[in-house]
Amino acid sequence: MASSNSSYRSRPRVQGHTAPSFIERRSRFMRWLRKLFKGTDAGVSNGDHSSVTGGENTLHKPVKPVDDQSKGENEDLDHAIALSLAEDAKKPNGYKGQGNDDDELAKAIQESLSMPSSQPYQPVQFFPRGYRICRVCHNEIGCGHYLSCMGIFWHPQCFRCYACGQLIHEAEFSLSGSNPYHKLCYKELHHPKCDVCHEFIPTNRAGLIEYRAHPFWGQKYCPSHEHDRTPRCCSCERMESRSTRYISLGEGRSLCLQCLDSAIMDAGDCQALYHSIRDYYEGLNMRIDQQIPMLLVERQALNEAMEGEKDGHHHMPEIRGLCLTEERTISSIHKRPRIWGNRILDMRTCPQKLTRRCEVTAILVLYGLPRLLTGSILAHELMHGWLRLKGYRNLSAEVEEGICQALSHMWLESEVMPGSTTMPSSSKYASSSSSSSSSSWMPLSKKAGKSDIDKKLGQFFMYQIAHDTSTAYGEGFRAANAAVNKYGLPRTLDHIRLTRSFPI
């Protein structure tokens, strides 16, 4: 009984001693927690902020963060936490649950102390007055909405396409310099279109715009048109556009409408041109006494004559003319054919037996080519005939083709640029046979007004001769042209006769 009373009395002593201590510690914790959280809340405003209150700008001054509080308060807080932890360690097992709560609370406080006193924030950036100026209206952009790209600013109502003038609402747009465009408007203006199919030229696998372009005419077209059998003019080399139709000459040849205007289609037109070029040679003191027949033929007849020619190795890669030295029967164009739609009809040919009366049997020229191109071919082949008639034998292909191309280029230059020095002077030609022939060699530009397209075609044919790099004939022309320009034609020909080479 005594022991039970003693035990009963001891229990209130234990509770009476620990309860005030626990309450006291709790009150300490609450006081320090209030200080702690009060300082943390204040630390969020670390910096200067301007806020609008009642229509006026108010500048919030910075508040000291928790890190700037007195060291004494921090030491007291650490001391209180240490005492609490020490007393909790002496508690009996009956207070284990509450001790765990205190441990968790102390751990939470410790973690809060290790956290930064204020959360990081992005400071407000202030721009000087006049920093944002609209690119279109040139007014300052205030605090409202605006658009910017690469340092350029716009009001939303000023952000319009430079091409169509409409507002740009799309998320993606194109910028050229400082001018914005709708993507479709920019593509319509700056993306190259094919001159053949009139569609936008597609990009390749690398995402780049790839196209072909003629070096003289500048015609741009999709690479696929080189393999889809798109017709190409056999004279000027331009491709047929989808908006126009070329004339089919048969034998795989097509002719554009511009080249068709001056095309030589029958023997009568070709004979007049042939005599004009003979007179041109005579003006250069290169008279041809023999009457060499000239025939206008189709491609098949020209190829057959080429195969049977013994000395037929001095010719251009694409055969358009031939200086014939063998006796043959050739089918020549007899009458001008009719054009129906985009085809040639009623082509009439007649066989003609050629007999050799001198070193040259005949000159053959492909039909259906423009006047200037046909004339340049005749000038080329007539030079072959002149060399053979004058005894220039055993010349290399580079020398013979080079000087023939030089004479062809000179004739074209006299037609396209009649004031050039390559045209024979009137004083030299005054001793020619008749005044009628004198008018025949006169360039077309003097006898009748030459159209701009004829001049352009003549310049292109000259370009073809001067920029031929596919064969040795191009090198031969450049050597012959340099020699003629430096020494003159007579001296160049004399040097060729003696050395079978060009003077250097």
# chains A, B, ... in the order shown; residues from 1 in each chain; ligands from 1
>>> closest_atom_pairs(of="stretch 145-260 of chain A", to="stretch 285-302 of chain A", cutoff="12 Å", atoms="only C-alpha atoms", output="JSON lines")
{"residue": "A:Cys234", "atom": "CA", "partner": "A:Arg299", "partner_atom": "CA", "distance": 11.9}
{"residue": "A:Leu249", "atom": "CA", "partner": "A:Glu298", "partner_atom": "CA", "distance": 9.6}
{"residue": "A:Gly250", "atom": "CA", "partner": "A:Arg299", "partner_atom": "CA", "distance": 9.4}
{"residue": "A:Glu251", "atom": "CA", "partner": "A:Arg299", "partner_atom": "CA", "distance": 7.2}
{"residue": "A:Gly252", "atom": "CA", "partner": "A:Arg299", "partner_atom": "CA", "distance": 9.8}
{"residue": "A:Arg253", "atom": "CA", "partner": "A:Arg299", "partner_atom": "CA", "distance": 9.4}
>>> closest_atom_pairs(of="stretch 196-271 of chain A", to="stretch 177-188 of chain A", cutoff="12 Å", atoms="only C-alpha atoms", output="tab-separated table")
residue	atom	partner	partner_atom	distance
A:His198	CA	A:Glu188	CA	11.7
A:Glu199	CA	A:Glu188	CA	10.4
A:Phe200	CA	A:Glu188	CA	8.5
A:Ile201	CA	A:Lys187	CA	10.8
A:Pro202	CA	A:Lys187	CA	11.8
>>> write_last_selection(atoms="all heavy atoms", output="JSON list (two decimals), in the first residue's frame")
[["chain", "number", "residue", "atom", "x", "y", "z"],
["A", 198, "HIS", "N", 6.25, 27.34, -115.81],
["A", 198, "HIS", "CA", 5.71, 28.49, -115.08],
["A", 198, "HIS", "C", 5.32, 28.14, -113.64],
["A", 198, "HIS", "O", 4.51, 28.84, -113.03],
["A", 198, "HIS", "CB", 4.50, 29.09, -115.81],
["A", 198, "HIS", "CG", 4.77, 29.44, -117.24],
["A", 198, "HIS", "ND1", 5.70, 30.38, -117.61],
["A", 198, "HIS", "CD2", 4.25, 28.96, -118.41],
["A", 198, "HIS", "CE1", 5.74, 30.49, -118.92],
["A", 198, "HIS", "NE2", 4.87, 29.63, -119.44],
["A", 199, "GLU", "N", 5.89, 27.09, -113.10],
["A", 199, "GLU", "CA", 5.67, 26.73, -111.71],
["A", 199, "GLU", "C", 6.90, 27.14, -110.89],
["A", 199, "GLU", "O", 7.97, 27.42, -111.44],
["A", 199, "GLU", "CB", 5.44, 25.22, -111.57],
["A", 199, "GLU", "CG", 4.23, 24.70, -112.33],
["A", 199, "GLU", "CD", 2.91, 25.17, -111.75],
["A", 199, "GLU", "OE1", 2.90, 25.55, -110.56],
["A", 199, "GLU", "OE2", 1.90, 25.18, -112.47],
["A", 200, "PHE", "N", 6.71, 27.20, -109.54],
["A", 200, "PHE", "CA", 7.85, 27.48, -108.69],
["A", 200, "PHE", "C", 8.88, 26.35, -108.83],
["A", 200, "PHE", "O", 8.53, 25.17, -108.80],
["A", 200, "PHE", "CB", 7.43, 27.60, -107.23],
["A", 200, "PHE", "CG", 6.62, 28.84, -106.94],
["A", 200, "PHE", "CD1", 5.29, 28.74, -106.58],
["A", 200, "PHE", "CD2", 7.20, 30.09, -107.05],
["A", 200, "PHE", "CE1", 4.55, 29.88, -106.32],
["A", 200, "PHE", "CE2", 6.46, 31.23, -106.80],
["A", 200, "PHE", "CZ", 5.13, 31.13, -106.44],
["A", 201, "ILE", "N", 10.13, 26.73, -108.97],
["A", 201, "ILE", "CA", 11.18, 25.72, -109.12],
["A", 201, "ILE", "C", 11.32, 25.00, -107.79],
["A", 201, "ILE", "O", 11.52, 25.63, -106.74],
["A", 201, "ILE", "CB", 12.51, 26.38, -109.54],
["A", 201, "ILE", "CG1", 12.35, 27.01, -110.93],
["A", 201, "ILE", "CG2", 13.64, 25.38, -109.51],
["A", 201, "ILE", "CD1", 13.58, 27.73, -111.42],
["A", 202, "PRO", "N", 11.23, 23.67, -107.77],
["A", 202, "PRO", "CA", 11.27, 22.94, -106.50],
["A", 202, "PRO", "C", 12.67, 22.92, -105.90],
["A", 202, "PRO", "O", 13.66, 23.20, -106.58],
["A", 202, "PRO", "CB", 10.80, 21.52, -106.90],
["A", 202, "PRO", "CG", 11.20, 21.40, -108.34],
["A", 202, "PRO", "CD", 11.04, 22.78, -108.94]]
>>> residues_around(residues="stretch 147-151 of chain A", least_positions_apart="6", cutoff="12 Å", atoms="only C-alpha atoms", output="PyMOL selection string")
chain A and resi 131-136+141+157-160+168-169+171-180
>>> residues_around(residues="stretch 323-327 of chain A", least_positions_apart="4", cutoff="12 Å", atoms="only C-alpha atoms", output="NGL selection string")
:A and (292-295 or 302-316 or 319 or 352-365 or 377-389 or 404)
>>> write_last_selection(atoms="N, CA and C atoms", output="compact mmCIF listing (two decimals), in the first residue's frame")
# COMPACT_ATOMS: atom_id res chain seq x y z
N ILE A 292 30.27 26.92 -157.46
CA ILE A 292 30.05 25.76 -156.61
C ILE A 292 28.55 25.64 -156.34
N PRO A 293 27.93 24.52 -156.70
CA PRO A 293 26.50 24.35 -156.43
C PRO A 293 26.22 24.38 -154.93
N MET A 294 25.05 24.87 -154.59
CA MET A 294 24.62 24.92 -153.19
C MET A 294 23.22 24.28 -153.11
N LEU A 295 23.05 23.35 -152.17
CA LEU A 295 21.77 22.64 -152.02
C LEU A 295 21.26 22.77 -150.59
N LEU A 302 21.88 14.98 -145.38
CA LEU A 302 23.17 15.53 -144.93
C LEU A 302 23.99 14.47 -144.23
N ASN A 303 23.36 13.66 -143.42
CA ASN A 303 24.10 12.59 -142.72
C ASN A 303 24.61 11.54 -143.69
N GLU A 304 23.80 11.21 -144.71
CA GLU A 304 24.25 10.23 -145.70
C GLU A 304 25.44 10.75 -146.49
N ALA A 305 25.39 12.02 -146.85
CA ALA A 305 26.52 12.61 -147.57
C ALA A 305 27.76 12.66 -146.69
N MET A 306 27.56 12.88 -145.40
CA MET A 306 28.68 12.95 -144.47
C MET A 306 29.36 11.60 -144.33
N GLU A 307 28.59 10.52 -144.32
CA GLU A 307 29.16 9.18 -144.18
C GLU A 307 30.00 8.81 -145.40
N GLY A 308 29.62 9.26 -146.57
CA GLY A 308 30.37 8.92 -147.77
C GLY A 308 31.50 9.86 -148.10
N GLU A 309 31.67 10.92 -147.29
CA GLU A 309 32.72 11.89 -147.58
C GLU A 309 34.06 11.41 -147.04
N LYS A 310 35.07 11.34 -147.91
CA LYS A 310 36.40 10.87 -147.50
C LYS A 310 37.06 11.88 -146.57
N ASP A 311 36.94 13.14 -146.91
CA ASP A 311 37.61 14.19 -146.13
C ASP A 311 36.62 14.85 -145.17
N GLY A 312 35.75 14.05 -144.60
CA GLY A 312 34.68 14.63 -143.78
C GLY A 312 34.99 14.68 -142.31
N HIS A 313 36.25 14.81 -141.93
CA HIS A 313 36.57 14.84 -140.52
C HIS A 313 36.71 16.26 -140.00
N HIS A 314 36.62 17.25 -140.84
CA HIS A 314 36.75 18.64 -140.41
C HIS A 314 35.36 19.28 -140.36
N HIS A 315 34.56 18.91 -139.39
CA HIS A 315 33.20 19.46 -139.31
C HIS A 315 32.81 19.61 -137.86
N MET A 316 31.80 20.43 -137.65
CA MET A 316 31.29 20.67 -136.31
C MET A 316 30.63 19.39 -135.77
N ILE A 319 26.14 18.38 -137.28
CA ILE A 319 26.31 18.66 -138.70
C ILE A 319 25.15 19.50 -139.21
N GLN A 352 19.15 15.08 -157.04
CA GLN A 352 20.03 15.84 -157.93
C GLN A 352 21.41 15.19 -157.94
N LYS A 353 21.85 14.81 -159.14
CA LYS A 353 23.15 14.16 -159.27
C LYS A 353 24.23 15.23 -159.36
N LEU A 354 25.22 15.10 -158.48
CA LEU A 354 26.30 16.07 -158.43
C LEU A 354 27.56 15.47 -159.05
N THR A 355 28.10 16.17 -160.03
CA THR A 355 29.35 15.73 -160.68
C THR A 355 30.47 16.68 -160.29
N ARG A 356 31.61 16.12 -160.14
CA ARG A 356 32.76 16.91 -159.67
C ARG A 356 33.43 17.60 -160.86
N ARG A 357 33.47 18.91 -160.82
CA ARG A 357 34.12 19.69 -161.86
C ARG A 357 35.37 20.41 -161.35
N CYS A 358 35.53 20.41 -160.04
CA CYS A 358 36.72 21.02 -159.44
C CYS A 358 36.98 20.32 -158.11
N GLU A 359 37.79 20.93 -157.26
CA GLU A 359 38.10 20.32 -155.97
C GLU A 359 36.89 20.22 -155.06
N VAL A 360 35.87 21.02 -155.34
CA VAL A 360 34.66 21.03 -154.51
C VAL A 360 33.47 20.66 -155.38
N THR A 361 32.70 19.67 -154.93
CA THR A 361 31.54 19.23 -155.70
C THR A 361 30.31 20.09 -155.43
N ALA A 362 30.00 20.36 -154.14
CA ALA A 362 28.83 21.15 -153.78
C ALA A 362 28.92 21.53 -152.31
N ILE A 363 28.09 22.45 -151.93
CA ILE A 363 27.94 22.84 -150.52
C ILE A 363 26.51 22.52 -150.12
N LEU A 364 26.37 21.75 -149.05
CA LEU A 364 25.07 21.34 -148.53
C LEU A 364 24.78 22.07 -147.23
N VAL A 365 23.55 22.53 -147.08
CA VAL A 365 23.14 23.26 -145.88
C VAL A 365 21.81 22.71 -145.39
N ILE A 377 26.57 29.35 -141.61
CA ILE A 377 26.96 28.01 -142.08
C ILE A 377 27.52 28.09 -143.50
N LEU A 378 26.87 28.88 -144.35
CA LEU A 378 27.37 29.03 -145.72
C LEU A 378 28.75 29.69 -145.74
N ALA A 379 28.96 30.70 -144.89
CA ALA A 379 30.27 31.35 -144.82
C ALA A 379 31.33 30.37 -144.36
N HIS A 380 30.98 29.51 -143.42
CA HIS A 380 31.92 28.50 -142.93
C HIS A 380 32.28 27.50 -144.03
N GLU A 381 31.26 26.93 -144.68
CA GLU A 381 31.52 25.91 -145.70
C GLU A 381 32.18 26.52 -146.95
N LEU A 382 31.84 27.75 -147.26
CA LEU A 382 32.47 28.40 -148.42
C LEU A 382 33.96 28.62 -148.17
N MET A 383 34.34 28.82 -146.92
CA MET A 383 35.77 28.95 -146.60
C MET A 383 36.48 27.62 -146.79
N HIS A 384 35.80 26.51 -146.45
CA HIS A 384 36.38 25.19 -146.75
C HIS A 384 36.64 25.07 -148.25
N GLY A 385 35.65 25.47 -149.05
CA GLY A 385 35.82 25.41 -150.50
C GLY A 385 36.95 26.31 -150.98
N TRP A 386 37.05 27.51 -150.45
CA TRP A 386 38.12 28.43 -150.87
C TRP A 386 39.49 27.85 -150.55
N LEU A 387 39.65 27.25 -149.38
CA LEU A 387 40.95 26.67 -149.01
C LEU A 387 41.34 25.54 -149.96
N ARG A 388 40.38 24.71 -150.34
CA ARG A 388 40.71 23.60 -151.23
C ARG A 388 40.99 24.08 -152.66
N LEU A 389 40.24 25.08 -153.07
CA LEU A 389 40.46 25.60 -154.42
C LEU A 389 41.79 26.35 -154.52
N CYS A 404 37.85 28.68 -140.68
CA CYS A 404 36.48 28.70 -141.21
C CYS A 404 35.52 29.32 -140.21
>>> atom_distance(atom1="atom CA of A:Gly375", atom2="atom CA of A:Cys233")
17.9 Å
>>> residues_around(residues="A:Val196", least_positions_apart="6", cutoff="12 Å", atoms="only C-alpha atoms", output="mmCIF file with N, CA, C and O atoms, in the first residue's frame")
data_model
loop_
_atom_site.group_PDB
_atom_site.id
_atom_site.type_symbol
_atom_site.label_atom_id
_atom_site.label_comp_id
_atom_site.auth_asym_id
_atom_site.auth_seq_id
_atom_site.Cartn_x
_atom_site.Cartn_y
_atom_site.Cartn_z
ATOM 1 N N TYR A 211 18.158 24.919 -110.244
ATOM 2 C CA TYR A 211 17.574 25.061 -111.574
ATOM 3 C C TYR A 211 18.690 25.159 -112.599
ATOM 4 O O TYR A 211 19.870 25.319 -112.265
ATOM 5 N N ARG A 212 18.310 25.063 -113.867
ATOM 6 C CA ARG A 212 19.244 25.233 -114.973
ATOM 7 C C ARG A 212 18.966 26.585 -115.617
ATOM 8 O O ARG A 212 17.840 27.076 -115.598
ATOM 9 N N ALA A 213 19.982 27.170 -116.215
ATOM 10 C CA ALA A 213 19.824 28.463 -116.870
ATOM 11 C C ALA A 213 20.693 28.490 -118.119
ATOM 12 O O ALA A 213 21.852 28.057 -118.087
ATOM 13 N N GLN A 219 17.364 31.779 -119.724
ATOM 14 C CA GLN A 219 16.120 31.039 -119.478
ATOM 15 C C GLN A 219 16.332 30.065 -118.329
ATOM 16 O O GLN A 219 17.214 29.207 -118.381
ATOM 17 N N LYS A 220 15.518 30.186 -117.269
ATOM 18 C CA LYS A 220 15.604 29.309 -116.110
ATOM 19 C C LYS A 220 14.544 28.216 -116.216
ATOM 20 O O LYS A 220 13.400 28.501 -116.560
ATOM 21 N N TYR A 221 14.923 26.999 -115.883
ATOM 22 C CA TYR A 221 13.963 25.904 -115.962
ATOM 23 C C TYR A 221 14.331 24.809 -114.974
ATOM 24 O O TYR A 221 15.481 24.722 -114.492
ATOM 25 N N CYS A 222 13.348 24.000 -114.636
ATOM 26 C CA CYS A 222 13.549 22.888 -113.704
ATOM 27 C C CYS A 222 14.507 21.865 -114.307
ATOM 28 O O CYS A 222 14.463 21.614 -115.515
ATOM 29 N N PRO A 223 15.366 21.245 -113.503
ATOM 30 C CA PRO A 223 16.278 20.225 -114.038
ATOM 31 C C PRO A 223 15.545 19.060 -114.696
ATOM 32 O O PRO A 223 16.091 18.421 -115.600
ATOM 33 N N SER A 224 14.301 18.802 -114.276
ATOM 34 C CA SER A 224 13.570 17.655 -114.828
ATOM 35 C C SER A 224 13.248 17.839 -116.309
ATOM 36 O O SER A 224 13.048 16.846 -117.025
ATOM 37 N N HIS A 225 13.208 19.081 -116.808
ATOM 38 C CA HIS A 225 12.852 19.306 -118.211
ATOM 39 C C HIS A 225 13.952 18.860 -119.172
ATOM 40 O O HIS A 225 13.699 18.756 -120.370
ATOM 41 N N GLU A 226 15.134 18.602 -118.638
ATOM 42 C CA GLU A 226 16.192 18.094 -119.502
ATOM 43 C C GLU A 226 15.980 16.629 -119.858
ATOM 44 O O GLU A 226 16.640 16.107 -120.761
ATOM 45 N N ASP A 228 12.524 15.165 -119.693
ATOM 46 C CA ASP A 228 11.113 14.842 -119.943
ATOM 47 C C ASP A 228 10.691 15.141 -121.383
ATOM 48 O O ASP A 228 9.507 15.327 -121.655
ATOM 49 N N THR A 230 11.047 17.731 -123.247
ATOM 50 C CA THR A 230 10.573 19.081 -123.582
ATOM 51 C C THR A 230 11.284 19.562 -124.842
ATOM 52 O O THR A 230 12.519 19.519 -124.904
ATOM 53 N N PRO A 231 10.568 19.991 -125.871
ATOM 54 C CA PRO A 231 11.227 20.415 -127.116
ATOM 55 C C PRO A 231 12.168 21.594 -126.896
ATOM 56 O O PRO A 231 11.907 22.480 -126.085
ATOM 57 N N ARG A 232 13.261 21.567 -127.622
ATOM 58 C CA ARG A 232 14.245 22.640 -127.601
ATOM 59 C C ARG A 232 14.465 23.115 -129.032
ATOM 60 O O ARG A 232 14.608 22.293 -129.947
ATOM 61 N N ARG A 238 16.619 27.479 -127.049
ATOM 62 C CA ARG A 238 15.685 27.746 -125.956
ATOM 63 C C ARG A 238 14.632 26.645 -125.877
ATOM 64 O O ARG A 238 14.192 26.117 -126.899
ATOM 65 N N MET A 239 14.198 26.336 -124.648
ATOM 66 C CA MET A 239 13.195 25.299 -124.440
ATOM 67 C C MET A 239 11.795 25.849 -124.698
ATOM 68 O O MET A 239 11.525 27.029 -124.485
ATOM 69 N N GLU A 240 10.928 24.958 -125.123
ATOM 70 C CA GLU A 240 9.553 25.338 -125.412
ATOM 71 C C GLU A 240 8.800 25.615 -124.116
ATOM 72 O O GLU A 240 8.788 24.791 -123.199
ATOM 73 N N SER A 241 8.153 26.771 -124.050
ATOM 74 C CA SER A 241 7.335 27.116 -122.900
ATOM 75 C C SER A 241 5.952 26.467 -123.032
ATOM 76 O O SER A 241 5.479 26.198 -124.139
ATOM 77 N N ARG A 242 5.314 26.233 -121.895
ATOM 78 C CA ARG A 242 3.974 25.638 -121.913
ATOM 79 C C ARG A 242 2.949 26.575 -122.539
ATOM 80 O O ARG A 242 1.888 26.128 -122.972
ATOM 81 N N SER A 243 3.274 27.864 -122.588
ATOM 82 C CA SER A 243 2.329 28.830 -123.149
ATOM 83 C C SER A 243 2.503 29.020 -124.652
ATOM 84 O O SER A 243 1.705 29.724 -125.268
ATOM 85 N N THR A 244 3.510 28.429 -125.259
ATOM 86 C CA THR A 244 3.730 28.537 -126.705
ATOM 87 C C THR A 244 3.966 27.145 -127.282
ATOM 88 O O THR A 244 4.265 26.195 -126.546
ATOM 89 N N ARG A 245 3.862 27.047 -128.585
ATOM 90 C CA ARG A 245 4.099 25.780 -129.269
ATOM 91 C C ARG A 245 5.157 25.984 -130.340
ATOM 92 O O ARG A 245 5.093 26.930 -131.125
#
>>> select_by_dssp(residues="stretch 292-347 of chain A", states="helix (DSSP H, G or I)", output="PDB file with N, CA and C atoms, in the first residue's frame")
ATOM      1  N   ARG A 299      18.040  16.626-142.873  1.00  0.00           N
ATOM      2  CA  ARG A 299      19.108  16.072-142.035  1.00  0.00           C
ATOM      3  C   ARG A 299      19.543  14.692-142.520  1.00  0.00           C
ATOM      4  N   GLN A 300      18.610  13.869-142.949  1.00  0.00           N
ATOM      5  CA  GLN A 300      18.964  12.528-143.388  1.00  0.00           C
ATOM      6  C   GLN A 300      19.897  12.570-144.590  1.00  0.00           C
ATOM      7  N   ALA A 301      19.598  13.434-145.565  1.00  0.00           N
ATOM      8  CA  ALA A 301      20.463  13.546-146.743  1.00  0.00           C
ATOM      9  C   ALA A 301      21.835  14.076-146.356  1.00  0.00           C
ATOM     10  N   LEU A 302      21.882  14.981-145.379  1.00  0.00           N
ATOM     11  CA  LEU A 302      23.168  15.530-144.935  1.00  0.00           C
ATOM     12  C   LEU A 302      23.995  14.467-144.226  1.00  0.00           C
ATOM     13  N   ASN A 303      23.360  13.659-143.416  1.00  0.00           N
ATOM     14  CA  ASN A 303      24.097  12.593-142.723  1.00  0.00           C
ATOM     15  C   ASN A 303      24.606  11.541-143.694  1.00  0.00           C
ATOM     16  N   GLU A 304      23.802  11.208-144.707  1.00  0.00           N
ATOM     17  CA  GLU A 304      24.248  10.230-145.700  1.00  0.00           C
ATOM     18  C   GLU A 304      25.440  10.748-146.495  1.00  0.00           C
ATOM     19  N   ALA A 305      25.391  12.024-146.849  1.00  0.00           N
ATOM     20  CA  ALA A 305      26.517  12.614-147.568  1.00  0.00           C
ATOM     21  C   ALA A 305      27.759  12.663-146.687  1.00  0.00           C
ATOM     22  N   MET A 306      27.559  12.878-145.404  1.00  0.00           N
ATOM     23  CA  MET A 306      28.679  12.951-144.469  1.00  0.00           C
ATOM     24  C   MET A 306      29.364  11.602-144.329  1.00  0.00           C
ATOM     25  N   GLU A 307      28.586  10.516-144.318  1.00  0.00           N
ATOM     26  CA  GLU A 307      29.164   9.183-144.178  1.00  0.00           C
ATOM     27  C   GLU A 307      30.000   8.806-145.397  1.00  0.00           C
TER      28      GLU A 307
END
>>> residues_around(residues="A:Ile465", least_positions_apart="6", cutoff="10 Å", atoms="only C-alpha atoms", output="MDAnalysis selection string")
chainID A and resid 376 402 405:406 408:409 473:474 477:478
>>> write_last_selection(atoms="N, CA and C atoms", output="PDB file, in the first residue's frame")
ATOM      1  N   SER A 376      25.762  32.018-141.652  1.00  0.00           N
ATOM      2  CA  SER A 376      27.030  31.688-140.986  1.00  0.00           C
ATOM      3  C   SER A 376      27.516  30.303-141.388  1.00  0.00           C
ATOM      4  N   GLY A 402      39.272  26.217-137.469  1.00  0.00           N
ATOM      5  CA  GLY A 402      39.447  27.494-136.779  1.00  0.00           C
ATOM      6  C   GLY A 402      39.314  28.680-137.719  1.00  0.00           C
ATOM      7  N   GLN A 405      35.695  29.012-138.944  1.00  0.00           N
ATOM      8  CA  GLN A 405      34.857  29.627-137.924  1.00  0.00           C
ATOM      9  C   GLN A 405      35.141  31.121-137.806  1.00  0.00           C
ATOM     10  N   ALA A 406      36.377  31.499-138.012  1.00  0.00           N
ATOM     11  CA  ALA A 406      36.715  32.924-137.967  1.00  0.00           C
ATOM     12  C   ALA A 406      36.001  33.697-139.074  1.00  0.00           C
ATOM     13  N   SER A 408      33.185  32.768-140.541  1.00  0.00           N
ATOM     14  CA  SER A 408      31.764  32.750-140.193  1.00  0.00           C
ATOM     15  C   SER A 408      31.446  33.834-139.169  1.00  0.00           C
ATOM     16  N   HIS A 409      32.307  33.979-138.166  1.00  0.00           N
ATOM     17  CA  HIS A 409      32.123  34.993-137.138  1.00  0.00           C
ATOM     18  C   HIS A 409      32.234  36.390-137.732  1.00  0.00           C
ATOM     19  N   TYR A 473      37.683  22.605-132.162  1.00  0.00           N
ATOM     20  CA  TYR A 473      37.348  23.674-133.094  1.00  0.00           C
ATOM     21  C   TYR A 473      37.230  25.011-132.374  1.00  0.00           C
ATOM     22  N   GLY A 474      36.781  24.981-131.122  1.00  0.00           N
ATOM     23  CA  GLY A 474      36.714  26.216-130.351  1.00  0.00           C
ATOM     24  C   GLY A 474      38.096  26.797-130.121  1.00  0.00           C
ATOM     25  N   PHE A 477      39.264  28.315-133.378  1.00  0.00           N
ATOM     26  CA  PHE A 477      38.701  29.636-133.661  1.00  0.00           C
ATOM     27  C   PHE A 477      39.407  30.716-132.871  1.00  0.00           C
ATOM     28  N   ARG A 478      39.647  30.475-131.579  1.00  0.00           N
ATOM     29  CA  ARG A 478      40.282  31.507-130.764  1.00  0.00           C
ATOM     30  C   ARG A 478      41.686  31.818-131.259  1.00  0.00           C
TER      31      ARG A 478
END
>>> atom_distance(atom1="atom CA of A:Leu273", atom2="atom CA of A:Asp494")
28.2 Å
